[in-house]
$ cat entry-v4.cif   # mmCIF, C-alpha atoms
data_query
loop_
_atom_site.label_atom_id
_atom_site.label_comp_id
_atom_site.auth_asym_id
_atom_site.auth_seq_id
_atom_site.Cartn_x
_atom_site.Cartn_y
_atom_site.Cartn_z
CA MET A 925 0.00 0.00 0.00
CA LYS A 926 2.78 2.40 0.92
CA GLN A 927 4.57 1.63 -2.33
CA GLY A 928 1.42 2.41 -4.28
CA ILE A 929 0.91 5.73 -2.50
CA SER A 930 4.56 6.75 -2.97
CA TYR A 931 4.31 5.89 -6.67
CA ILE A 932 1.24 8.11 -7.00
CA TYR A 933 3.06 10.93 -5.21
CA LEU A 934 6.02 10.57 -7.55
CA ILE A 935 3.69 10.79 -10.55
CA ILE A 936 2.10 13.96 -9.15
CA ILE A 937 5.52 15.49 -8.47
CA HIS A 938 6.60 14.88 -12.06
CA ILE A 939 3.40 16.38 -13.41
CA ILE A 940 4.08 19.48 -11.29
CA ILE A 941 7.67 19.59 -12.61
CA ALA A 942 6.28 19.88 -16.15
CA PHE A 943 4.18 22.91 -15.17
CA ILE A 944 7.12 24.54 -13.37
CA MET A 945 9.47 24.10 -16.35
CA PHE A 946 6.86 25.49 -18.72
CA ALA A 947 6.26 28.55 -16.54
CA MET A 948 9.93 29.12 -15.59
CA PRO A 949 12.14 27.46 -18.22
CA PHE A 950 15.33 28.87 -16.68
CA LEU A 951 14.88 26.36 -13.86
CA SER A 952 15.46 23.53 -16.31
CA LYS A 953 19.23 24.06 -16.25
CA ILE A 954 19.18 23.96 -12.44
CA TYR A 955 17.15 20.75 -12.63
CA ALA A 956 19.77 19.32 -15.00
CA LEU A 957 22.55 20.09 -12.51
CA VAL A 958 20.65 18.94 -9.42
CA ILE A 959 19.92 15.45 -10.77
CA PRO A 960 23.55 14.23 -11.07
CA LEU A 961 24.57 16.03 -7.86
CA VAL A 962 21.81 14.38 -5.83
CA GLY A 963 22.55 11.11 -7.61
CA PHE A 964 26.23 11.35 -6.71
CA TYR A 965 25.32 11.95 -3.06
CA ILE A 966 23.00 8.91 -3.03
CA VAL A 967 25.61 6.64 -4.61
CA VAL A 968 28.42 7.75 -2.30
CA ARG A 969 26.25 7.66 0.83
CA ASN A 970 25.20 4.08 0.10
CA LYS A 971 28.58 3.10 -1.40
CA ASN A 972 26.59 1.71 -4.33
CA ARG A 973 25.60 -1.30 -2.23
CA ASN A 974 22.38 -1.70 -4.19
CA HIS A 975 23.62 -0.51 -7.59
CA GLU A 976 22.30 2.99 -7.09
CA VAL A 977 24.32 4.03 -10.15
CA ILE A 978 21.85 2.11 -12.33
CA LEU A 979 18.88 3.88 -10.79
CA VAL A 980 20.44 7.33 -11.12
CA SER A 981 21.49 6.61 -14.71
CA ALA A 982 17.98 5.35 -15.51
CA TYR A 983 16.49 8.63 -14.30
CA LEU A 984 19.01 10.62 -16.37
CA VAL A 985 18.15 8.59 -19.46
CA GLY A 986 14.43 9.14 -18.92
CA VAL A 987 14.81 12.89 -18.35
CA GLU A 988 17.21 13.66 -21.22
CA VAL A 989 14.64 14.58 -23.88
CA PHE A 990 12.65 16.60 -21.35
CA LEU A 991 15.77 18.60 -20.49
CA ARG A 992 16.53 19.23 -24.15
CA MET A 993 12.94 20.19 -24.83
CA THR A 994 12.87 22.74 -22.00
CA GLY A 995 16.36 24.15 -22.64
CA GLY A 996 17.95 22.52 -19.62
CA ASN A 997 20.42 20.27 -21.39
CA LEU A 998 23.85 21.83 -20.84
CA ASN A 999 25.05 20.23 -24.10
CA ASN A 1000 23.94 17.38 -26.34
CA GLU A 1001 26.28 14.88 -24.72
CA PHE A 1002 25.55 15.90 -21.11
CA VAL A 1003 23.46 12.88 -20.11
CA LYS A 1004 25.72 10.40 -21.90
CA MET A 1005 28.74 11.81 -20.08
CA CYS A 1006 26.87 11.65 -16.76
CA VAL A 1007 25.97 7.99 -17.36
CA ILE A 1008 29.62 7.22 -18.18
CA ILE A 1009 30.79 8.91 -14.96
CA PHE A 1010 28.23 7.04 -12.84
CA MET A 1011 29.20 3.72 -14.44
CA PHE A 1012 32.86 4.36 -13.58
CA LEU A 1013 31.81 5.33 -10.06
CA GLY A 1014 29.87 2.08 -9.79
CA MET A 1015 32.89 0.07 -10.88
CA LEU A 1016 35.02 1.72 -8.19
CA TYR A 1017 32.64 0.30 -5.59
CA ARG A 1018 31.64 -2.94 -7.31
CA ASN A 1019 34.43 -3.75 -9.79
CA PHE A 1020 33.50 -5.50 -13.05
CA ALA A 1021 33.58 -8.98 -14.56
CA VAL A 1022 36.81 -9.89 -16.37
CA SER A 1023 34.79 -11.33 -19.26
CA SER A 1024 33.22 -7.89 -19.78
CA LEU A 1025 36.53 -6.90 -21.39
CA ILE A 1026 34.93 -7.96 -24.67
CA TYR A 1027 33.45 -4.45 -24.58
CA GLY A 1028 36.95 -3.11 -24.04
CA LEU A 1029 37.78 -4.71 -27.38
CA PHE A 1030 34.71 -2.99 -28.87
CA LEU A 1031 36.05 0.38 -27.68
CA LEU A 1032 39.55 -0.39 -28.98
CA LEU A 1033 38.08 -1.09 -32.42
CA LEU A 1034 36.95 2.55 -32.53
CA ILE A 1035 40.52 3.87 -32.28
CA PRO A 1036 41.60 3.26 -35.93
CA GLY A 1037 38.63 5.37 -37.05
CA ILE A 1038 39.80 8.20 -34.80
CA LEU A 1039 43.32 8.03 -36.25
CA VAL A 1040 42.00 8.02 -39.82
CA ALA A 1041 39.77 10.99 -39.03
CA THR A 1042 42.76 12.92 -37.69
CA ASP A 1043 44.71 12.39 -40.92
CA THR A 1044 41.67 13.11 -43.11
CA VAL A 1045 40.97 16.44 -41.40
CA GLU A 1046 44.60 17.55 -41.64
CA ILE A 1047 44.73 16.79 -45.37
CA ASN A 1048 41.28 17.67 -46.69
CA PHE A 1049 38.91 19.50 -44.40
CA ASP A 1050 38.51 22.47 -42.15
CA THR A 1051 36.41 20.48 -39.68
CA ASP A 1052 36.11 20.76 -35.91
CA LEU A 1053 37.53 17.29 -35.25
CA LYS A 1054 36.86 17.33 -31.50
CA LYS A 1055 33.19 18.19 -32.05
CA ALA A 1056 32.81 15.57 -34.79
CA LEU A 1057 34.37 12.84 -32.65
CA VAL A 1058 32.33 13.66 -29.56
CA PHE A 1059 29.10 13.81 -31.58
CA ASN A 1060 29.69 10.44 -33.22
CA LEU A 1061 31.51 8.49 -30.52
CA SER A 1062 29.83 9.59 -27.28
CA GLY A 1063 27.02 7.08 -27.92
CA PRO A 1064 29.29 4.05 -28.55
CA LEU A 1065 31.50 5.12 -25.61
CA CYS A 1066 28.47 5.33 -23.32
CA LEU A 1067 27.32 1.91 -24.51
CA GLY A 1068 30.75 0.35 -23.97
CA ILE A 1069 31.27 1.74 -20.46
CA ALA A 1070 27.70 0.95 -19.34
CA SER A 1071 28.12 -2.59 -20.69
CA PHE A 1072 31.30 -2.97 -18.62
CA TYR A 1073 29.29 -2.32 -15.48
CA MET A 1074 26.12 -4.24 -16.35
CA TYR A 1075 27.83 -7.37 -17.68
CA LYS A 1076 26.51 -10.37 -15.69
CA ARG A 1077 25.48 -8.24 -12.70
CA LYS A 1078 23.03 -10.31 -10.66
CA ILE A 1079 19.74 -8.56 -10.16
CA LEU A 1080 16.11 -9.40 -9.42
CA LEU A 1081 13.32 -9.01 -11.97
CA THR A 1082 11.55 -6.72 -9.50
CA ASP A 1083 14.68 -4.54 -9.51
CA VAL A 1084 14.54 -4.25 -13.30
CA GLN A 1085 10.93 -3.13 -12.82
CA LYS A 1086 12.17 -0.47 -10.39
CA ILE A 1087 14.74 0.70 -12.94
CA LEU A 1088 12.02 1.06 -15.57
CA MET A 1089 9.70 2.84 -13.14
CA ILE A 1090 12.37 5.42 -12.30
CA MET A 1091 13.13 5.88 -16.00
CA GLY A 1092 9.43 6.34 -16.69
CA LEU A 1093 8.79 9.11 -14.15
CA PRO A 1094 10.45 11.92 -16.16
CA ILE A 1095 8.71 10.60 -19.27
CA ILE A 1096 5.47 11.55 -17.47
CA SER A 1097 6.88 15.09 -17.18
CA THR A 1098 7.66 15.01 -20.90
CA VAL A 1099 4.11 13.99 -21.85
CA MET A 1100 2.57 16.55 -19.50
CA TYR A 1101 4.79 19.26 -20.96
CA LEU A 1102 3.61 18.32 -24.47
CA PHE A 1103 -0.02 18.76 -23.41
CA ILE A 1104 0.76 22.15 -21.86
CA PHE A 1105 2.85 23.27 -24.84
CA ASN A 1106 0.23 22.19 -27.33
CA PRO A 1107 -3.10 21.16 -25.76
CA SER A 1108 -4.87 20.61 -29.10
CA ILE A 1109 -3.03 18.96 -31.97
CA LYS A 1110 -5.92 19.77 -34.33
CA ASP A 1111 -4.70 23.33 -34.77
CA VAL A 1112 -1.10 22.53 -35.72
CA VAL A 1113 -1.27 19.34 -37.80
CA THR A 1114 -1.50 20.35 -41.45
CA GLY A 1115 0.63 17.71 -43.17
CA THR A 1116 2.12 14.26 -42.73
CA GLN A 1117 5.69 15.27 -41.94
CA SER A 1118 7.20 14.94 -38.46
CA ASN A 1119 5.69 17.73 -36.38
CA PHE A 1120 7.78 20.00 -34.14
CA GLU A 1121 4.72 21.73 -32.67
CA THR A 1122 3.26 18.50 -31.30
CA SER A 1123 6.75 17.53 -30.08
CA GLY A 1124 7.16 20.46 -27.70
CA GLY A 1125 9.15 22.48 -30.22
CA PHE A 1126 11.90 19.86 -30.16
CA GLY A 1127 13.06 17.11 -32.54
CA PRO A 1128 10.11 14.77 -33.21
CA ASN A 1129 12.42 11.80 -33.80
CA GLN A 1130 13.93 11.98 -30.32
CA VAL A 1131 10.60 12.76 -28.66
CA SER A 1132 9.00 9.81 -30.44
CA THR A 1133 11.90 7.59 -29.34
CA ILE A 1134 11.51 8.36 -25.65
CA LEU A 1135 7.70 8.17 -25.81
CA GLY A 1136 7.92 4.78 -27.54
CA LEU A 1137 10.10 3.64 -24.66
CA GLY A 1138 7.52 5.12 -22.27
CA MET A 1139 4.77 3.10 -23.95
CA PHE A 1140 6.67 -0.07 -23.18
CA ILE A 1141 7.56 0.96 -19.63
CA PHE A 1142 4.00 1.68 -18.55
CA PHE A 1143 2.59 -1.33 -20.38
CA SER A 1144 5.06 -3.61 -18.58
CA GLN A 1145 4.31 -1.91 -15.25
CA MET A 1146 0.63 -2.52 -15.85
CA VAL A 1147 0.99 -6.18 -16.87
CA LEU A 1148 3.88 -7.57 -14.82
CA PHE A 1149 3.67 -5.59 -11.58
CA PRO A 1150 0.06 -4.49 -11.10
CA LYS A 1151 0.02 -4.61 -7.23
CA SER A 1152 -3.63 -3.48 -7.22
CA LYS A 1153 -6.49 -2.56 -9.55
CA LYS A 1154 -5.76 1.09 -8.80
CA MET A 1155 -2.17 0.71 -10.04
CA ILE A 1156 -3.33 -1.14 -13.15
CA PHE A 1157 -5.71 1.72 -13.89
CA ILE A 1158 -3.09 4.43 -13.28
CA ASN A 1159 -0.45 2.75 -15.45
CA GLY A 1160 -3.09 2.05 -18.09
CA ILE A 1161 -4.11 5.71 -18.25
CA ILE A 1162 -0.48 6.82 -18.51
CA PHE A 1163 0.09 4.25 -21.26
CA VAL A 1164 -2.84 5.67 -23.23
CA PHE A 1165 -1.66 9.28 -22.93
CA VAL A 1166 1.96 8.42 -23.79
CA SER A 1167 0.83 6.43 -26.83
CA TYR A 1168 -1.44 9.23 -28.04
CA ARG A 1169 1.25 11.89 -27.78
CA GLY A 1170 3.77 9.54 -29.37
CA LEU A 1171 1.53 9.15 -32.42
CA ALA A 1172 0.95 12.92 -32.48
CA THR A 1173 4.65 13.59 -33.12
CA PHE A 1174 4.13 12.05 -36.60
CA SER A 1175 7.57 10.48 -36.18
CA ARG A 1176 7.03 6.80 -36.76
CA GLY A 1177 10.28 5.22 -35.61
CA GLY A 1178 9.86 5.58 -31.85
CA VAL A 1179 6.22 4.49 -31.81
CA ILE A 1180 6.84 1.45 -33.99
CA THR A 1181 9.78 0.53 -31.75
CA GLY A 1182 7.56 0.78 -28.65
CA VAL A 1183 4.94 -1.45 -30.26
CA VAL A 1184 7.54 -4.07 -31.25
CA MET A 1185 8.94 -4.04 -27.69
CA ILE A 1186 5.47 -4.71 -26.31
CA VAL A 1187 4.89 -7.52 -28.82
CA CYS A 1188 8.22 -9.10 -27.82
CA LEU A 1189 7.29 -8.96 -24.14
CA ILE A 1190 3.89 -10.53 -24.81
CA PHE A 1191 5.56 -13.28 -26.88
CA ILE A 1192 8.05 -14.07 -24.09
CA LEU A 1193 5.30 -14.11 -21.44
CA TYR A 1194 3.16 -16.40 -23.58
CA TYR A 1195 6.05 -18.72 -24.45
CA PHE A 1196 7.13 -19.27 -20.84
CA SER A 1197 3.64 -19.40 -19.28
CA ASN A 1198 1.60 -22.45 -18.33
CA SER A 1199 -1.91 -22.93 -19.72
CA ALA A 1200 -3.47 -20.60 -17.12
CA GLY A 1201 -0.79 -17.99 -17.82
CA LYS A 1202 -1.34 -18.28 -21.56
CA ALA A 1203 -5.04 -17.58 -21.04
CA LYS A 1204 -4.18 -14.41 -19.07
CA VAL A 1205 -1.76 -13.30 -21.78
CA GLY A 1206 -4.56 -13.82 -24.32
CA ILE A 1207 -6.85 -11.53 -22.29
CA VAL A 1208 -4.09 -8.92 -22.07
CA LEU A 1209 -3.56 -9.13 -25.83
CA GLY A 1210 -7.29 -8.65 -26.46
CA LEU A 1211 -7.50 -5.63 -24.16
CA LEU A 1212 -4.35 -4.16 -25.73
CA PHE A 1213 -5.89 -4.54 -29.18
CA LEU A 1214 -9.06 -2.70 -28.11
CA ALA A 1215 -7.03 0.05 -26.41
CA SER A 1216 -4.88 0.42 -29.53
CA LEU A 1217 -7.96 0.81 -31.72
CA ALA A 1218 -9.30 3.49 -29.38
CA ILE A 1219 -5.99 5.40 -29.28
CA TRP A 1220 -5.56 5.18 -33.05
CA GLY A 1221 -9.18 6.18 -33.69
CA TYR A 1222 -8.97 9.23 -31.41
CA THR A 1223 -5.64 10.30 -32.92
CA SER A 1224 -7.10 9.90 -36.40
CA MET A 1225 -10.05 12.08 -35.46
CA GLN A 1226 -7.79 14.76 -33.97
CA THR A 1227 -5.52 14.79 -37.05
CA ARG A 1228 -8.39 14.62 -39.55
CA GLY A 1229 -7.10 11.30 -40.91
CA LEU A 1230 -3.57 12.55 -41.55
CA ILE A 1231 -2.04 10.02 -39.15
CA GLU A 1232 -3.23 7.16 -41.40
CA LYS A 1233 -1.61 8.83 -44.38
CA ARG A 1234 1.61 9.28 -42.42
CA TYR A 1235 1.88 5.59 -41.57
CA ALA A 1236 0.81 4.66 -45.11
CA ASN A 1237 3.72 6.83 -46.37
CA LYS A 1238 1.47 9.32 -48.13
CA ASP A 1239 1.40 13.11 -48.18
CA ALA A 1240 -1.56 15.24 -47.06
CA ARG A 1241 -3.23 14.80 -50.45
CA GLY A 1242 -2.95 11.03 -50.27
CA ARG A 1243 -0.14 10.70 -52.81
CA GLU A 1244 2.48 8.00 -52.27
CA LYS A 1245 5.83 9.44 -51.19
CA GLY A 1246 8.94 8.63 -53.18
CA ASP A 1247 10.83 7.18 -50.21
CA ARG A 1248 9.66 5.28 -47.16
CA LEU A 1249 12.29 6.39 -44.66
CA GLY A 1250 12.19 10.18 -44.89
CA GLY A 1251 15.30 10.48 -47.06
CA ARG A 1252 17.31 8.01 -45.01
CA GLU A 1253 17.63 5.62 -47.95
CA ALA A 1254 19.91 8.12 -49.71
CA ILE A 1255 22.11 8.42 -46.60
CA ILE A 1256 22.32 4.62 -46.26
CA GLY A 1257 23.29 4.38 -49.92
CA ALA A 1258 25.96 7.04 -49.46
CA ASP A 1259 27.33 5.22 -46.40
CA TYR A 1260 27.50 1.97 -48.34
CA LYS A 1261 29.40 3.69 -51.15
CA LEU A 1262 31.89 5.18 -48.67
CA PHE A 1263 32.45 1.72 -47.20
CA LEU A 1264 33.16 0.17 -50.61
CA GLU A 1265 35.71 2.90 -51.26
CA ASN A 1266 37.36 2.46 -47.83
CA PRO A 1267 36.57 -1.12 -46.68
CA ILE A 1268 39.38 -1.63 -44.16
CA THR A 1269 39.64 1.50 -42.04
CA GLY A 1270 36.58 3.42 -43.23
CA VAL A 1271 36.64 7.15 -43.89
CA GLY A 1272 37.28 8.05 -40.25
CA ALA A 1273 35.05 8.71 -37.26
CA GLY A 1274 32.81 11.72 -37.87
CA MET A 1275 33.98 12.17 -41.48
CA GLY A 1276 30.91 10.63 -43.12
CA LYS A 1277 28.89 13.83 -42.75
CA GLU A 1278 31.52 15.80 -44.65
CA LEU A 1279 32.09 13.19 -47.35
CA ARG A 1280 28.39 12.64 -48.08
CA LYS A 1281 28.44 16.04 -49.81
CA ASP A 1282 29.61 14.35 -53.01
CA ALA A 1283 26.66 11.95 -53.10
CA LEU A 1284 23.93 14.14 -51.58
CA ALA A 1285 25.15 17.67 -52.39
CA GLN A 1286 24.84 18.63 -48.72
CA GLU A 1287 26.19 17.74 -45.27
CA VAL A 1288 23.81 15.25 -43.67
CA ALA A 1289 24.31 13.45 -40.37
CA SER A 1290 23.57 9.73 -40.44
CA HIS A 1291 20.46 8.51 -38.64
CA ASN A 1292 21.65 4.92 -38.88
CA GLU A 1293 24.38 3.86 -36.47
CA ILE A 1294 24.99 0.57 -38.27
CA THR A 1295 25.77 2.12 -41.66
CA ARG A 1296 27.71 4.93 -39.94
CA MET A 1297 29.91 2.41 -38.12
CA ILE A 1298 30.56 0.53 -41.35
CA SER A 1299 31.30 3.60 -43.47
CA GLU A 1300 33.40 5.45 -40.89
CA HIS A 1301 35.17 2.49 -39.24
CA GLY A 1302 35.24 -0.04 -42.08
CA LEU A 1303 36.15 -3.62 -41.17
CA PHE A 1304 36.86 -2.53 -37.58
CA GLY A 1305 33.29 -1.23 -37.40
CA ILE A 1306 31.92 -4.54 -38.66
CA PHE A 1307 33.86 -6.44 -35.97
CA GLY A 1308 32.57 -3.97 -33.37
CA LEU A 1309 28.98 -4.52 -34.50
CA LEU A 1310 29.45 -8.29 -34.36
CA ILE A 1311 30.47 -7.97 -30.70
CA LEU A 1312 27.35 -5.91 -29.98
CA PHE A 1313 25.05 -8.35 -31.77
CA VAL A 1314 26.47 -11.66 -30.58
CA THR A 1315 27.48 -11.05 -26.93
CA PRO A 1316 23.98 -10.40 -25.46
CA PHE A 1317 22.61 -13.60 -27.04
CA VAL A 1318 25.54 -15.66 -25.76
CA LEU A 1319 24.73 -14.43 -22.24
CA TYR A 1320 20.99 -14.99 -22.74
CA ILE A 1321 21.55 -18.72 -23.24
CA ASN A 1322 22.04 -19.00 -19.45
CA ASN A 1323 19.86 -16.00 -18.59
CA ARG A 1324 16.35 -17.09 -19.62
CA GLN A 1325 14.73 -15.39 -16.62
CA HIS A 1326 15.52 -12.01 -18.18
CA LEU A 1327 11.98 -11.48 -19.48
CA TYR A 1328 12.87 -8.02 -20.79
CA PHE A 1329 15.92 -9.14 -22.77
CA LEU A 1330 14.34 -9.34 -26.23
CA SER A 1331 12.44 -6.06 -25.78
CA PHE A 1332 15.58 -4.23 -24.66
CA PHE A 1333 17.64 -5.60 -27.53
CA VAL A 1334 14.95 -4.69 -30.06
CA PHE A 1335 14.77 -1.14 -28.68
CA TRP A 1336 18.51 -0.71 -29.19
CA LEU A 1337 18.49 -2.28 -32.66
CA LEU A 1338 15.50 -0.36 -34.03
CA THR A 1339 16.46 2.94 -32.41
CA ILE A 1340 19.99 3.00 -33.82
CA ASN A 1341 18.46 2.38 -37.25
CA HIS A 1342 16.25 5.48 -37.23
CA ALA A 1343 17.77 7.83 -34.62
CA ALA A 1344 21.39 6.65 -34.37
CA MET A 1345 22.67 7.28 -30.82
CA ARG A 1346 21.72 10.94 -30.45
CA ILE A 1347 20.42 10.30 -26.94
CA ALA A 1348 21.67 8.02 -24.17
CA ALA A 1349 18.62 5.70 -24.17
CA PRO A 1350 19.76 3.10 -26.75
CA ALA A 1351 23.21 2.77 -25.13
CA PHE A 1352 21.80 2.37 -21.63
CA ILE A 1353 18.93 0.06 -22.61
CA TYR A 1354 21.37 -2.14 -24.54
CA SER A 1355 23.53 -2.52 -21.44
CA LEU A 1356 20.47 -3.70 -19.47
CA CYS A 1357 20.38 -6.74 -21.80
CA LEU A 1358 23.59 -7.91 -20.13
CA LEU A 1359 22.22 -8.08 -16.58
CA SER A 1360 21.89 -11.53 -15.00
CA VAL A 1361 18.22 -11.38 -14.03
CA GLN A 1362 16.58 -13.77 -11.59
CA ILE A 1363 12.87 -13.91 -10.84
CA LYS A 1364 13.27 -15.27 -7.32
CA ASN A 1365 15.69 -14.07 -4.68
CA PRO A 1366 18.40 -16.67 -4.08
CA GLN A 1367 20.60 -16.04 -1.07
CA LYS A 1368 23.53 -14.60 -3.01
CA THR A 1369 21.61 -12.38 -5.42
CA GLU A 1370 22.66 -8.73 -5.36
CA SER A 1371 19.37 -6.88 -5.05
CA LEU A 1372 18.56 -3.23 -5.46
CA HIS A 1373 16.36 -3.38 -2.35
#
$ encode --input "entry-v4.cif" --output "structure tokens"
Amino acid sequence: MKQGISYIYLIIIHIIIAFIMFAMPFLSKIYALVIPLVGFYIVVRNKNRNHEVILVSAYLVGVEVFLRMTGGNLNNEFVKMCVIIFMFLGMLYRNFAVSSLIYGLFLLLLIPGILVATDTVEINFDTDLKKALVFNLSGPLCLGIASFYMYKRKILLTDVQKILMIMGLPIISTVMYLFIFNPSIKDVVTGTQSNFETSGGFGPNQVSTILGLGMFIFFSQMVLFPKSKKMIFINGIIFVFVSYRGLATFSRGGVITGVVMIVCLIFILYYFSNSAGKAKVGIVLGLLFLASLAIWGYTSMQTRGLIEKRYANKDARGREKGDRLGGREAIIGADYKLFLENPITGVGAGMGKELRKDALAQEVASHNEITRMISEHGLFGIFGLLILFVTPFVLYINNRQHLYFLSFFVFWLLTINHAAMRIAAPAFIYSLCLLSVQIKNPQKTESLH
């Protein structure tokens, strides 16, 4: 009962935070500074006995888009750098598994690309190398360091739920801010392109990404850890609002990713359930289908049918668009061409944006981390990607109680294909795949409680 009440209070607090940041946006920068400072105090006070670094990092990941949206992000890599620092702090208290050095190899494979970029800039371009490297490598660096810490850490399934809950709280602030910023999407939706107005004036792709993650978080809270009918209702309502505002961004990637995560979770629950459990999963699936129809129908009504055209890849007049990925096909093609021209070392970390000028007649940042790694790091990038793809599944062979594994991996994979690693979420969520999750509490399990 106390847990339920405290959860409700936390929700109310984060709704209030949205109103405060809207009314006094200058406080957003203070909020951004207070979070890591308070987090540092909590970790040090408890000596990270219960992996507080994961909880603090989860909150930072959940709040990142909200901070950017409200002007509180000190720079674009702020949250990623904070997560890296907290992971190092955690390792000082808890050390790390020797076998996690596979991610050290992943980080080493990035070095040739840095060296090539240094030579390329000196010879050909007047480019801010430091800025280019930080922009392109902060995501992989965050993933590598977080994976060091998470690798085979023993944790309870209920603790993973707590991590997701803490990550979800600032997403509530994000959704509330969107409603305050733009209460009626009817007035601002005029086409089928990604909409900045319905995304709080910020990048729809990143907003959609974090809202898609929010959809999964509150669905899983509702299904796996209901506690009471009141909590099921509250999480269900939040799920509906997050889904609606996610669709309203008109950025498809994040929403589709959230839906696939939910489908993966339902599949895992069904696969590992007994006959009674399968029946319950069937009921959940039916209710989810009805809720999805209602959310889609309401969004369609509010957008005058434009949302259907968006997901059917049509413009406002109903004409089929020439490309299905918003111009990303051309970037992928350019990346592939760069790789063929430089298959061993690639063109150098951060150099793809400059070199795509020849193919696209303009500087365009890649939205696809896979093709960026291949084009900028060549064969070293391919080896690095193989480590990222294979290692989690090798661990999962003996980690079948990690019910979230497939959903987390899918989030990382789909997100880096449409939004690269602009925000910390894909790096952090990927590292959660590596946790050694146990449903019951054996005597030697390291719990977050």
$ resolve_selection --input "entry-v4.cif" --expression "the PyMOL selection byres ((chain A and resi 1349) around 9)" --output "list in words"
Ala982, Val985, Gly986, Glu988, Lys1004, Thr1133, Ile1134, Leu1137, Trp1336, Thr1339, Met1345, Arg1346, Ile1347, Ala1348, Pro1350, Ala1351, Phe1352, Ile1353 and Tyr1354 of chain A
$ resolve_selection --input "entry-v4.cif" --expression "the PyMOL selection byres ((chain A and resi 1065-1074) around 9)" --output "number ranges by chain"
A: 978, 1004-1005, 1007-1008, 1010-1012, 1014-1015, 1018-1021, 1024-1028, 1030-1031, 1061-1064, 1075-1078, 1348, 1350-1360
$ resolve_selection --input "entry-v4.cif" --expression "the PyMOL selection byres ((chain A and resi 1125) around 10)" --output "PyMOL selection string"
chain A and resi 993-994+1102+1105-1106+1119-1124+1126-1128+1131
$ closest_residue --input "entry-v4.cif" --among "A:Ile940, A:Ser1132, A:Ala1056, A:Ile1298" --to "Leu1264 of chain A" --atoms "only C-alpha atoms"
A:Ile1298
$ closest_atom_pairs --input "entry-v4.cif" --of "segment 1074-1106 of chain A" --to "segment 1145-1165 of chain A" --cutoff "10 Å" --atoms "only C-alpha atoms" --output "CSV"
residue,atom,partner,partner_atom,distance
A:Leu1081,CA,A:Leu1148,CA,10.0
A:Thr1082,CA,A:Phe1149,CA,8.2
A:Gln1085,CA,A:Gln1145,CA,7.2
A:Lys1086,CA,A:Gln1145,CA,9.4
A:Leu1088,CA,A:Gln1145,CA,8.3
A:Met1089,CA,A:Gln1145,CA,7.5
A:Gly1092,CA,A:Gln1145,CA,9.8
A:Ile1095,CA,A:Ile1162,CA,10.0
A:Ile1096,CA,A:Ile1162,CA,7.7
A:Val1099,CA,A:Phe1165,CA,7.5
A:Met1100,CA,A:Phe1165,CA,9.1
A:Phe1103,CA,A:Phe1165,CA,9.6
$ residues_around --input "entry-v4.cif" --residues "Ala1236 of chain A" --least-positions-apart "4" --cutoff "12 Å" --atoms "all atoms listed in the file" --output "ChimeraX atom specification"
/A:1116,1174,1176,1229-1232,1240,1242-1245,1247-1249
